Structure formats: structure tokens, C-alpha cells
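Undergrad: Next up is a structure, given as C-alpha cells.
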Amino acid sequence: MAYALMAADYDLTLTNSDRNVSAHTREAIRAVYDSGKFVTLASGRLGGSAEIARELFPGDVPLILGNGALVQSCMTGETLAETLMDEADALTLLRWCRRRASAAIVYGRSGIYTDRENTASEIYAQRSSCSPRLLPAPEAIAREGIYKILLLGLPVAVRRAGKTLHADPPCPIDCFTSSPEALEIVPPGVNKGSGLARAAELLGIPREETVAIGDGENDIAMLRWAGLGIAMANAPDSVKAAADVIAPHCDADGAAWAMEKYLL
């Protein structure tokens, strides 16, 4: 099968353990674009993602951001597709998270916010290179539009919250973990798989010619949707079980290996 588009997670997939993109991976990305094919970003992030992509990718491509809630032009920043939380549901979830987490990070149309400033929100800012603002009136942000809510806490609290949301959600949502300390809460049907489907449609690339590669549980949907799903060797077993192929570890440039093997 000839593949034409790869959607790649960023942290610990395109990057190594030090959160840097190696020269080898950068060279592989350029070679893919030189061949007339595409690599795009499929990230849970919003803030800073477009800047990362513009520095990595030598051409315009639809970016999959906010775990698929937003598809955005790499070069212009134009919104190509978006799915927002229902306003009333967003307010319900913010109240729900307030009782069950160390902090909630709110990804809104107007910016990224935290419902409280504490150690959890500070760690988030350090890891994401994005400093969320303190959430003003929640009603105003919900009215403008919220893409997703990231619930932060100790692993045991995050697991408990995820089980509760799956068993008895306070409103229609989907949720999945992106790390032991983070639970992603998104509108129903939103995931990186739905984002990849939209990006492929915009590029005119059929599903069977797409590749997805990632290391986290929030990557599982796109690994299953793509024509070829690749899990990193550093991924947990649940992610590997959803993949067709296992790539080398992120510290061994597994994403570059995948590009060279399946796109070049």
C-alpha cells in the first residue's frame, strides 16, 4: 500500500524523551514533503501547536488540535473545522471537575484558562510551554465556546474520575487519559480519529492511504481509524494492542523510521 499522509502525536512520538525533535526526524519530515506527501500534527494541545508545526513542516497542512476538536491551517491559522462543547454541558463539567481534580485546564476559543492557580496548573504550564490565564466568569467562556477540558490530578484521582465519567457522565461527553495525571474531556464523537478523517478529506486523501502514529491512549482512536496504525515502543500495552505495527522507541527516532518505511 502507498501511503500519502501521516498524522503524528507530538510528545514522545515526534519528540524524544527530552521533548526535542531530532535532526533525523526533521530530515525525514522534509523528505516526505519533498516527495509530495504529508506529515501533520495530531495533538491534544492547542496553545503553541501551530508555532511548533510551522517550524517543523515545510508546507501547509491541516493540523489536528485539541484531540480533534479543532482542525486548523498550519500556515494561516484558519479554522477549517471545529466542534465545541454545548454551553450548558460545559458549565456542568466545570462544576463537576471543580469537585474532583487539582485543577481543570479549559481550552476555549478565546484562549487557555485554568480554574485555579496551584502546583498542578504550574506543572502543566512548564510541560506545555503555555501559561493558562485564570478562568474569568465561566459563563462567558462557555458562551464563546470550549473545545475541551483537561482535568489534572494525582493518578488515582484521575483514574477514579475517568471511571465515574464513563459509568455515569453528568452530560454527553467522551473522555480518555493522555497521561496518568490528565483526563481529556471532549464533546461526543471528538477524538484524533475524527480529526484525521477531516484532515484527510481536506487533502483529498482516502482513508486507506493514511498512517497514524502515537504513544498515548488519546491516540488509540486515530490508530484504529487510519489505514495503518503505528504505536511507539514506549507506548503502554493498551495503545500497542490498537496498532498494526510497533515502531522503535522515541529515543531511537521511531517516527522517522515509520516515515522512511511507509511514506518514503
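By convention here, the chains of the C-alpha cells are called A, B, ... in the order presented, each chain's residues are numbered starting at 1, and ligands are numbered starting at 1 in the order presented.
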Please provide the set of residues having any atom within 10 Å of stretch 39-42 of chain A, restricted to only C-alpha atoms, with same-chain residues fewer than 5 positions apart removed, written as a PyMOL selection string.

TA: chain A and resi 4-10+14+28-30+32-33+49-50+52-53+56-68+71+74+191-193+195-196+199+210-214+219+222+259+263

Undergrad: What's the 9 Å shell around stretch 235-247 of chain A, counting only C-alpha atoms, without same-chain residues fewer than 2 positions away, as a tab-separated table (two decimals) with all heavy atoms, in the first residue's frame?

TA:
```
chain	number	residue	atom	x	y	z
A	12	LEU	N	6.79	12.55	22.85
A	12	LEU	CA	7.22	11.15	22.93
A	12	LEU	C	6.85	10.34	21.70
A	12	LEU	O	6.88	9.11	21.72
A	12	LEU	CB	6.67	10.49	24.20
A	12	LEU	CG	6.99	11.22	25.51
A	12	LEU	CD1	6.46	10.44	26.70
A	12	LEU	CD2	8.49	11.47	25.67
A	213	ILE	N	0.42	7.63	14.01
A	213	ILE	CA	1.44	7.13	14.92
A	213	ILE	C	1.35	7.89	16.24
A	213	ILE	O	1.18	9.11	16.26
A	213	ILE	CB	2.85	7.25	14.30
A	213	ILE	CG1	3.92	6.65	15.22
A	213	ILE	CG2	3.19	8.69	13.93
A	213	ILE	CD1	5.27	6.46	14.55
A	214	GLY	N	1.43	7.16	17.36
A	214	GLY	CA	1.32	7.82	18.65
A	214	GLY	C	1.73	6.90	19.79
A	214	GLY	O	2.03	5.71	19.58
A	215	ASP	N	1.71	7.45	21.00
A	215	ASP	CA	2.16	6.70	22.17
A	215	ASP	C	1.16	6.74	23.32
A	215	ASP	O	1.39	6.10	24.36
A	215	ASP	CB	3.49	7.27	22.68
A	215	ASP	CG	3.31	8.61	23.36
A	215	ASP	OD1	2.94	9.58	22.68
A	215	ASP	OD2	3.50	8.71	24.59
A	216	GLY	N	0.05	7.50	23.20
A	216	GLY	CA	-0.85	7.67	24.32
A	216	GLY	C	-2.24	7.10	24.06
A	216	GLY	O	-2.62	6.83	22.92
A	217	GLU	N	-3.01	6.95	25.13
A	217	GLU	CA	-4.36	6.42	24.99
A	217	GLU	C	-5.26	7.35	24.17
A	217	GLU	O	-6.20	6.88	23.53
A	217	GLU	CB	-4.97	6.15	26.36
A	217	GLU	CG	-4.30	4.98	27.08
A	217	GLU	CD	-5.03	4.54	28.33
A	217	GLU	OE1	-6.05	5.17	28.66
A	217	GLU	OE2	-4.59	3.56	28.95
A	218	ASN	N	-4.95	8.65	24.16
A	218	ASN	CA	-5.74	9.55	23.32
A	218	ASN	C	-5.38	9.41	21.84
A	218	ASN	O	-6.00	10.06	20.99
A	218	ASN	CB	-5.58	11.00	23.77
A	218	ASN	CG	-4.16	11.51	23.71
A	218	ASN	OD1	-3.20	10.75	23.89
A	218	ASN	ND2	-4.01	12.80	23.47
A	219	ASP	N	-4.41	8.56	21.51
A	219	ASP	CA	-4.06	8.28	20.10
A	219	ASP	C	-4.79	7.05	19.57
A	219	ASP	O	-4.76	6.79	18.36
A	219	ASP	CB	-2.55	8.06	19.95
A	219	ASP	CG	-1.75	9.29	20.31
A	219	ASP	OD1	-2.13	10.39	19.88
A	219	ASP	OD2	-0.74	9.16	21.03
A	220	ILE	N	-5.41	6.28	20.44
A	220	ILE	CA	-5.98	4.99	20.02
A	220	ILE	C	-7.02	5.17	18.91
A	220	ILE	O	-7.03	4.40	17.93
A	220	ILE	CB	-6.59	4.26	21.23
A	220	ILE	CG1	-5.46	3.73	22.13
A	220	ILE	CG2	-7.49	3.10	20.78
A	220	ILE	CD1	-5.94	3.08	23.42
A	221	ALA	N	-7.88	6.17	19.02
A	221	ALA	CA	-8.93	6.34	18.01
A	221	ALA	C	-8.34	6.56	16.63
A	221	ALA	O	-8.85	6.03	15.63
A	221	ALA	CB	-9.84	7.50	18.40
A	223	LEU	N	-5.29	5.61	15.61
A	223	LEU	CA	-4.61	4.39	15.18
A	223	LEU	C	-5.61	3.41	14.58
A	223	LEU	O	-5.31	2.72	13.59
A	223	LEU	CB	-3.90	3.72	16.36
A	223	LEU	CG	-2.80	4.51	17.10
A	223	LEU	CD1	-2.07	3.60	18.08
A	223	LEU	CD2	-1.83	5.15	16.14
A	224	ARG	N	-6.81	3.37	15.16
A	224	ARG	CA	-7.83	2.45	14.65
A	224	ARG	C	-8.48	2.97	13.37
A	224	ARG	O	-8.89	2.17	12.51
A	224	ARG	CB	-8.90	2.23	15.73
A	224	ARG	CG	-8.40	1.38	16.89
A	224	ARG	CD	-9.43	1.26	17.99
A	224	ARG	NE	-9.02	0.28	19.00
A	224	ARG	CZ	-9.52	0.20	20.21
A	224	ARG	NH1	-10.46	1.06	20.60
A	224	ARG	NH2	-9.10	-0.71	21.06
A	228	LEU	N	-3.19	2.58	8.40
A	228	LEU	CA	-2.14	1.87	9.14
A	228	LEU	C	-1.94	2.58	10.47
A	228	LEU	O	-1.66	3.79	10.52
A	228	LEU	CB	-0.83	1.88	8.35
A	228	LEU	CG	0.35	1.16	9.01
A	228	LEU	CD1	0.13	-0.36	8.97
A	228	LEU	CD2	1.67	1.51	8.32
A	229	GLY	N	-2.09	1.87	11.57
A	229	GLY	CA	-1.89	2.43	12.90
A	229	GLY	C	-0.57	1.94	13.48
A	229	GLY	O	-0.30	0.75	13.50
A	230	ILE	N	0.25	2.90	13.94
A	230	ILE	CA	1.58	2.57	14.46
A	230	ILE	C	1.69	3.08	15.89
A	230	ILE	O	1.47	4.26	16.15
A	230	ILE	CB	2.69	3.20	13.60
A	230	ILE	CG1	2.55	2.78	12.13
A	230	ILE	CG2	4.07	2.83	14.14
A	230	ILE	CD1	3.56	3.44	11.19
A	231	ALA	N	2.06	2.21	16.80
A	231	ALA	CA	2.31	2.60	18.19
A	231	ALA	C	3.80	2.65	18.43
A	231	ALA	O	4.57	1.85	17.88
A	231	ALA	CB	1.66	1.60	19.14
A	232	MET	N	4.22	3.60	19.24
A	232	MET	CA	5.62	3.69	19.61
A	232	MET	C	5.98	2.58	20.60
A	232	MET	O	5.15	2.12	21.38
A	232	MET	CB	5.90	5.05	20.25
A	232	MET	CG	5.59	6.24	19.35
A	232	MET	SD	6.65	6.33	17.90
A	232	MET	CE	8.21	6.79	18.65
A	233	ALA	N	7.23	2.17	20.59
A	233	ALA	CA	7.68	1.14	21.53
A	233	ALA	C	7.54	1.62	22.97
A	233	ALA	O	7.41	0.80	23.89
A	233	ALA	CB	9.13	0.76	21.24
A	249	HIS	N	11.44	2.96	19.79
A	249	HIS	CA	11.26	3.92	20.89
A	249	HIS	C	11.47	5.35	20.38
A	249	HIS	O	12.21	5.58	19.41
A	249	HIS	CB	12.28	3.60	21.98
A	249	HIS	CG	12.01	4.24	23.30
A	249	HIS	ND1	12.31	5.57	23.56
A	249	HIS	CD2	11.47	3.73	24.45
A	249	HIS	CE1	11.98	5.85	24.81
A	249	HIS	NE2	11.47	4.75	25.37
A	250	CYS	N	10.84	6.31	21.05
A	250	CYS	CA	11.00	7.70	20.64
A	250	CYS	C	12.46	8.15	20.71
A	250	CYS	O	12.89	9.02	19.94
A	250	CYS	CB	10.11	8.63	21.45
A	250	CYS	SG	10.48	8.71	23.22
A	253	ASP	N	14.25	7.44	17.46
A	253	ASP	CA	13.65	8.07	16.28
A	253	ASP	C	12.64	7.17	15.58
A	253	ASP	O	12.65	7.00	14.35
A	253	ASP	CB	14.73	8.51	15.28
A	253	ASP	CG	15.61	9.64	15.82
A	253	ASP	OD1	15.17	10.33	16.75
A	253	ASP	OD2	16.72	9.82	15.30
A	254	GLY	N	11.73	6.61	16.39
A	254	GLY	CA	10.72	5.71	15.83
A	254	GLY	C	9.82	6.37	14.80
A	254	GLY	O	9.42	5.73	13.82
A	255	ALA	N	9.50	7.66	14.96
A	255	ALA	CA	8.65	8.34	13.98
A	255	ALA	C	9.38	8.48	12.65
A	255	ALA	O	8.78	8.29	11.58
A	255	ALA	CB	8.23	9.71	14.50
A	257	TRP	N	11.69	6.46	11.55
A	257	TRP	CA	11.68	5.10	11.00
A	257	TRP	C	10.37	4.82	10.27
A	257	TRP	O	10.37	4.27	9.16
A	257	TRP	CB	11.88	4.11	12.15
A	257	TRP	CG	11.70	2.65	11.79
A	257	TRP	CD1	12.64	1.80	11.32
A	257	TRP	CD2	10.48	1.91	11.85
A	257	TRP	NE1	12.10	0.56	11.10
A	257	TRP	CE2	10.76	0.59	11.41
A	257	TRP	CE3	9.16	2.22	12.24
A	257	TRP	CZ2	9.79	-0.41	11.35
A	257	TRP	CZ3	8.20	1.23	12.19
A	257	TRP	CH2	8.50	-0.06	11.75
A	258	ALA	N	9.26	5.21	10.87
A	258	ALA	CA	7.95	4.97	10.27
A	258	ALA	C	7.78	5.75	8.97
A	258	ALA	O	7.24	5.23	7.98
A	258	ALA	CB	6.85	5.32	11.26
```

Undergrad: Excluding A:Arg133 and residues on its chain fewer than 2 positions from it, collect all residues at most 10 Å away from it, counting only C-alpha atoms, and give them as a VMD selection string.

TA: chain A and resid 105 to 106 111 to 117 121 130 to 131 135 to 136

Undergrad: If we count only C-alpha atoms and set the cut-off at 9 Å, which residues sit around A:Leu165, ignoring sequence neighbours fewer than 5 positions away in its own chain? Please answer as a PDB file with all heavy atoms, in the first residue's frame.

TA:
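Result written to selection01.pdb:
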```pdb
ATOM      1  N   ARG A 160     -10.086   7.497  38.997  1.00  0.00           N
ATOM      2  CA  ARG A 160     -11.420   7.469  39.600  1.00  0.00           C
ATOM      3  C   ARG A 160     -12.380   8.370  38.825  1.00  0.00           C
ATOM      4  O   ARG A 160     -13.518   7.981  38.555  1.00  0.00           O
ATOM      5  CB  ARG A 160     -11.327   7.914  41.060  1.00  0.00           C
ATOM      6  CG  ARG A 160     -12.640   7.755  41.837  1.00  0.00           C
ATOM      7  CD  ARG A 160     -12.506   8.271  43.261  1.00  0.00           C
ATOM      8  NE  ARG A 160     -11.437   7.599  43.990  1.00  0.00           N
ATOM      9  CZ  ARG A 160     -10.382   8.210  44.499  1.00  0.00           C
ATOM     10  NH1 ARG A 160     -10.240   9.526  44.363  1.00  0.00           N
ATOM     11  NH2 ARG A 160      -9.461   7.533  45.153  1.00  0.00           N
ATOM     12  N   PRO A 170     -22.226  13.327  33.740  1.00  0.00           N
ATOM     13  CA  PRO A 170     -23.248  14.324  34.068  1.00  0.00           C
ATOM     14  C   PRO A 170     -23.903  14.938  32.840  1.00  0.00           C
ATOM     15  O   PRO A 170     -24.933  15.603  32.947  1.00  0.00           O
ATOM     16  CB  PRO A 170     -22.455  15.377  34.852  1.00  0.00           C
ATOM     17  CG  PRO A 170     -21.062  15.256  34.332  1.00  0.00           C
ATOM     18  CD  PRO A 170     -20.871  13.806  34.038  1.00  0.00           C
ATOM     19  N   ILE A 173     -20.549  13.401  26.872  1.00  0.00           N
ATOM     20  CA  ILE A 173     -19.136  13.712  26.612  1.00  0.00           C
ATOM     21  C   ILE A 173     -18.400  12.428  26.248  1.00  0.00           C
ATOM     22  O   ILE A 173     -18.933  11.323  26.389  1.00  0.00           O
ATOM     23  CB  ILE A 173     -18.436  14.339  27.844  1.00  0.00           C
ATOM     24  CG1 ILE A 173     -18.658  13.483  29.112  1.00  0.00           C
ATOM     25  CG2 ILE A 173     -18.878  15.772  28.061  1.00  0.00           C
ATOM     26  CD1 ILE A 173     -17.593  12.498  29.412  1.00  0.00           C
ATOM     27  N   ASP A 174     -17.178  12.584  25.762  1.00  0.00           N
ATOM     28  CA  ASP A 174     -16.227  11.487  25.653  1.00  0.00           C
ATOM     29  C   ASP A 174     -15.023  11.860  26.507  1.00  0.00           C
ATOM     30  O   ASP A 174     -14.731  13.054  26.686  1.00  0.00           O
ATOM     31  CB  ASP A 174     -15.781  11.263  24.210  1.00  0.00           C
ATOM     32  CG  ASP A 174     -16.836  10.516  23.396  1.00  0.00           C
ATOM     33  OD1 ASP A 174     -17.707   9.878  24.003  1.00  0.00           O
ATOM     34  OD2 ASP A 174     -16.790  10.590  22.152  1.00  0.00           O
ATOM     35  N   CYS A 175     -14.314  10.869  27.024  1.00  0.00           N
ATOM     36  CA  CYS A 175     -13.125  11.170  27.825  1.00  0.00           C
ATOM     37  C   CYS A 175     -12.110  10.043  27.691  1.00  0.00           C
ATOM     38  O   CYS A 175     -12.456   8.897  27.414  1.00  0.00           O
ATOM     39  CB  CYS A 175     -13.486  11.404  29.286  1.00  0.00           C
ATOM     40  SG  CYS A 175     -14.098   9.945  30.159  1.00  0.00           S
TER      41      CYS A 175
END
```

Undergrad: If you run DSSP over the backbone, which residues in stretch 101-234 of chain A end up strand (DSSP E)? Put them as a PyMOL selection string.

TA: chain A and resi 103-108+111-114+133-134+146-152+174-179+182-186+210-214+228-232

Undergrad: For the residues in the current selection, export N, CA, C and O atoms as a short mmCIF file (atom, residue, chain, number, x, y, z; two decimals), in the first residue's frame.

TA:
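Result file again-v1.cif:
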```cif
data_model
loop_
_atom_site.label_atom_id
_atom_site.label_comp_id
_atom_site.auth_asym_id
_atom_site.auth_seq_id
_atom_site.Cartn_x
_atom_site.Cartn_y
_atom_site.Cartn_z
N ALA A 103 -6.84 20.67 39.38
CA ALA A 103 -7.08 21.83 38.52
C ALA A 103 -7.74 21.36 37.24
O ALA A 103 -7.61 20.19 36.84
N ALA A 104 -8.44 22.26 36.58
CA ALA A 104 -9.00 21.98 35.26
C ALA A 104 -8.46 23.03 34.29
O ALA A 104 -8.52 24.23 34.58
N ILE A 105 -7.92 22.57 33.17
CA ILE A 105 -7.44 23.47 32.11
C ILE A 105 -8.52 23.53 31.05
O ILE A 105 -8.96 22.49 30.53
N VAL A 106 -8.96 24.73 30.73
CA VAL A 106 -10.07 24.94 29.80
C VAL A 106 -9.52 25.47 28.48
O VAL A 106 -8.89 26.54 28.45
N TYR A 107 -9.76 24.73 27.41
CA TYR A 107 -9.32 25.14 26.07
C TYR A 107 -10.49 25.81 25.36
O TYR A 107 -11.40 25.14 24.86
N GLY A 108 -10.49 27.13 25.34
CA GLY A 108 -11.59 27.87 24.75
C GLY A 108 -11.20 28.54 23.45
O GLY A 108 -10.02 28.63 23.10
N GLY A 111 -8.85 31.41 24.25
CA GLY A 111 -7.59 31.16 24.93
C GLY A 111 -7.63 29.95 25.83
O GLY A 111 -8.61 29.19 25.83
N ILE A 112 -6.58 29.76 26.60
CA ILE A 112 -6.46 28.62 27.50
C ILE A 112 -6.46 29.14 28.93
O ILE A 112 -5.73 30.08 29.26
N TYR A 113 -7.28 28.52 29.76
CA TYR A 113 -7.51 29.01 31.12
C TYR A 113 -7.33 27.89 32.13
O TYR A 113 -7.45 26.71 31.79
N THR A 114 -7.07 28.26 33.38
CA THR A 114 -7.10 27.32 34.49
C THR A 114 -8.14 27.79 35.50
O THR A 114 -8.30 29.00 35.72
N ARG A 133 -4.34 31.39 31.57
CA ARG A 133 -4.85 32.51 32.37
C ARG A 133 -5.88 31.99 33.37
O ARG A 133 -6.52 30.97 33.12
N LEU A 134 -6.03 32.72 34.44
CA LEU A 134 -7.06 32.34 35.42
C LEU A 134 -8.43 32.51 34.79
O LEU A 134 -8.72 33.56 34.18
N ILE A 146 -16.02 26.27 24.09
CA ILE A 146 -14.96 25.48 24.71
C ILE A 146 -14.73 24.22 23.88
O ILE A 146 -15.67 23.49 23.56
N TYR A 147 -13.46 23.98 23.54
CA TYR A 147 -13.11 22.79 22.76
C TYR A 147 -12.97 21.55 23.65
O TYR A 147 -13.43 20.47 23.29
N LYS A 148 -12.31 21.73 24.78
CA LYS A 148 -12.12 20.58 25.68
C LYS A 148 -11.74 21.08 27.06
O LYS A 148 -11.36 22.24 27.25
N ILE A 149 -11.85 20.18 28.04
CA ILE A 149 -11.41 20.44 29.40
C ILE A 149 -10.42 19.34 29.79
O ILE A 149 -10.69 18.16 29.57
N LEU A 150 -9.30 19.76 30.34
CA LEU A 150 -8.27 18.82 30.78
C LEU A 150 -8.29 18.80 32.30
O LEU A 150 -7.99 19.80 32.95
N LEU A 151 -8.66 17.66 32.86
CA LEU A 151 -8.72 17.50 34.31
C LEU A 151 -7.37 16.99 34.79
O LEU A 151 -6.87 15.97 34.32
N LEU A 152 -6.75 17.72 35.73
CA LEU A 152 -5.43 17.37 36.25
C LEU A 152 -5.54 16.91 37.70
O LEU A 152 -6.31 17.46 38.48
N ASP A 174 -17.18 12.58 25.76
CA ASP A 174 -16.23 11.49 25.65
C ASP A 174 -15.02 11.86 26.51
O ASP A 174 -14.73 13.05 26.69
N CYS A 175 -14.31 10.87 27.02
CA CYS A 175 -13.13 11.17 27.83
C CYS A 175 -12.11 10.04 27.69
O CYS A 175 -12.46 8.90 27.41
N PHE A 176 -10.85 10.39 27.88
CA PHE A 176 -9.76 9.43 27.82
C PHE A 176 -8.55 10.08 28.46
O PHE A 176 -8.44 11.30 28.54
N THR A 177 -7.61 9.26 28.92
CA THR A 177 -6.41 9.79 29.56
C THR A 177 -5.34 10.08 28.50
O THR A 177 -5.22 9.36 27.51
N SER A 178 -4.58 11.15 28.71
CA SER A 178 -3.42 11.44 27.87
C SER A 178 -2.13 11.24 28.65
O SER A 178 -1.05 11.20 28.06
N SER A 179 -2.25 11.12 29.97
CA SER A 179 -1.14 10.74 30.85
C SER A 179 -1.78 10.29 32.16
O SER A 179 -2.97 10.52 32.38
N ALA A 182 -3.65 13.19 33.74
CA ALA A 182 -4.50 14.07 32.94
C ALA A 182 -5.63 13.30 32.27
O ALA A 182 -5.39 12.28 31.61
N LEU A 183 -6.83 13.81 32.42
CA LEU A 183 -8.01 13.24 31.79
C LEU A 183 -8.57 14.25 30.79
O LEU A 183 -8.88 15.39 31.15
N GLU A 184 -8.68 13.85 29.54
CA GLU A 184 -9.20 14.71 28.48
C GLU A 184 -10.72 14.54 28.39
O GLU A 184 -11.22 13.42 28.26
N ILE A 185 -11.44 15.65 28.44
CA ILE A 185 -12.90 15.63 28.33
C ILE A 185 -13.28 16.44 27.10
O ILE A 185 -12.96 17.63 27.00
N VAL A 186 -13.95 15.80 26.15
CA VAL A 186 -14.25 16.43 24.86
C VAL A 186 -15.71 16.21 24.49
O VAL A 186 -16.40 15.37 25.08
N THR A 210 -3.80 6.62 4.69
CA THR A 210 -3.38 7.38 5.87
C THR A 210 -2.65 6.49 6.87
O THR A 210 -2.91 5.30 6.99
N VAL A 211 -1.72 7.11 7.59
CA VAL A 211 -0.98 6.46 8.66
C VAL A 211 -1.15 7.31 9.91
O VAL A 211 -1.15 8.55 9.84
N ALA A 212 -1.30 6.68 11.06
CA ALA A 212 -1.32 7.40 12.34
C ALA A 212 -0.28 6.78 13.25
O ALA A 212 -0.10 5.56 13.26
N ILE A 213 0.42 7.63 14.01
CA ILE A 213 1.44 7.13 14.92
C ILE A 213 1.35 7.89 16.24
O ILE A 213 1.18 9.11 16.26
N GLY A 214 1.43 7.16 17.36
CA GLY A 214 1.32 7.82 18.65
C GLY A 214 1.73 6.90 19.79
O GLY A 214 2.03 5.71 19.58
N LEU A 228 -3.19 2.58 8.40
CA LEU A 228 -2.14 1.87 9.14
C LEU A 228 -1.94 2.58 10.47
O LEU A 228 -1.66 3.79 10.52
N GLY A 229 -2.09 1.87 11.57
CA GLY A 229 -1.89 2.43 12.90
C GLY A 229 -0.57 1.94 13.48
O GLY A 229 -0.30 0.75 13.50
N ILE A 230 0.25 2.90 13.94
CA ILE A 230 1.58 2.57 14.46
C ILE A 230 1.69 3.08 15.89
O ILE A 230 1.47 4.26 16.15
N ALA A 231 2.06 2.21 16.80
CA ALA A 231 2.31 2.60 18.19
C ALA A 231 3.80 2.65 18.43
O ALA A 231 4.57 1.85 17.88
N MET A 232 4.22 3.60 19.24
CA MET A 232 5.62 3.69 19.61
C MET A 232 5.98 2.58 20.60
O MET A 232 5.15 2.12 21.38
#
```

Undergrad: Please compute the atom CA of A:Cys97-atom CA of A:Val158 distance, one decimal, in Å.

TA: 10.5 Å
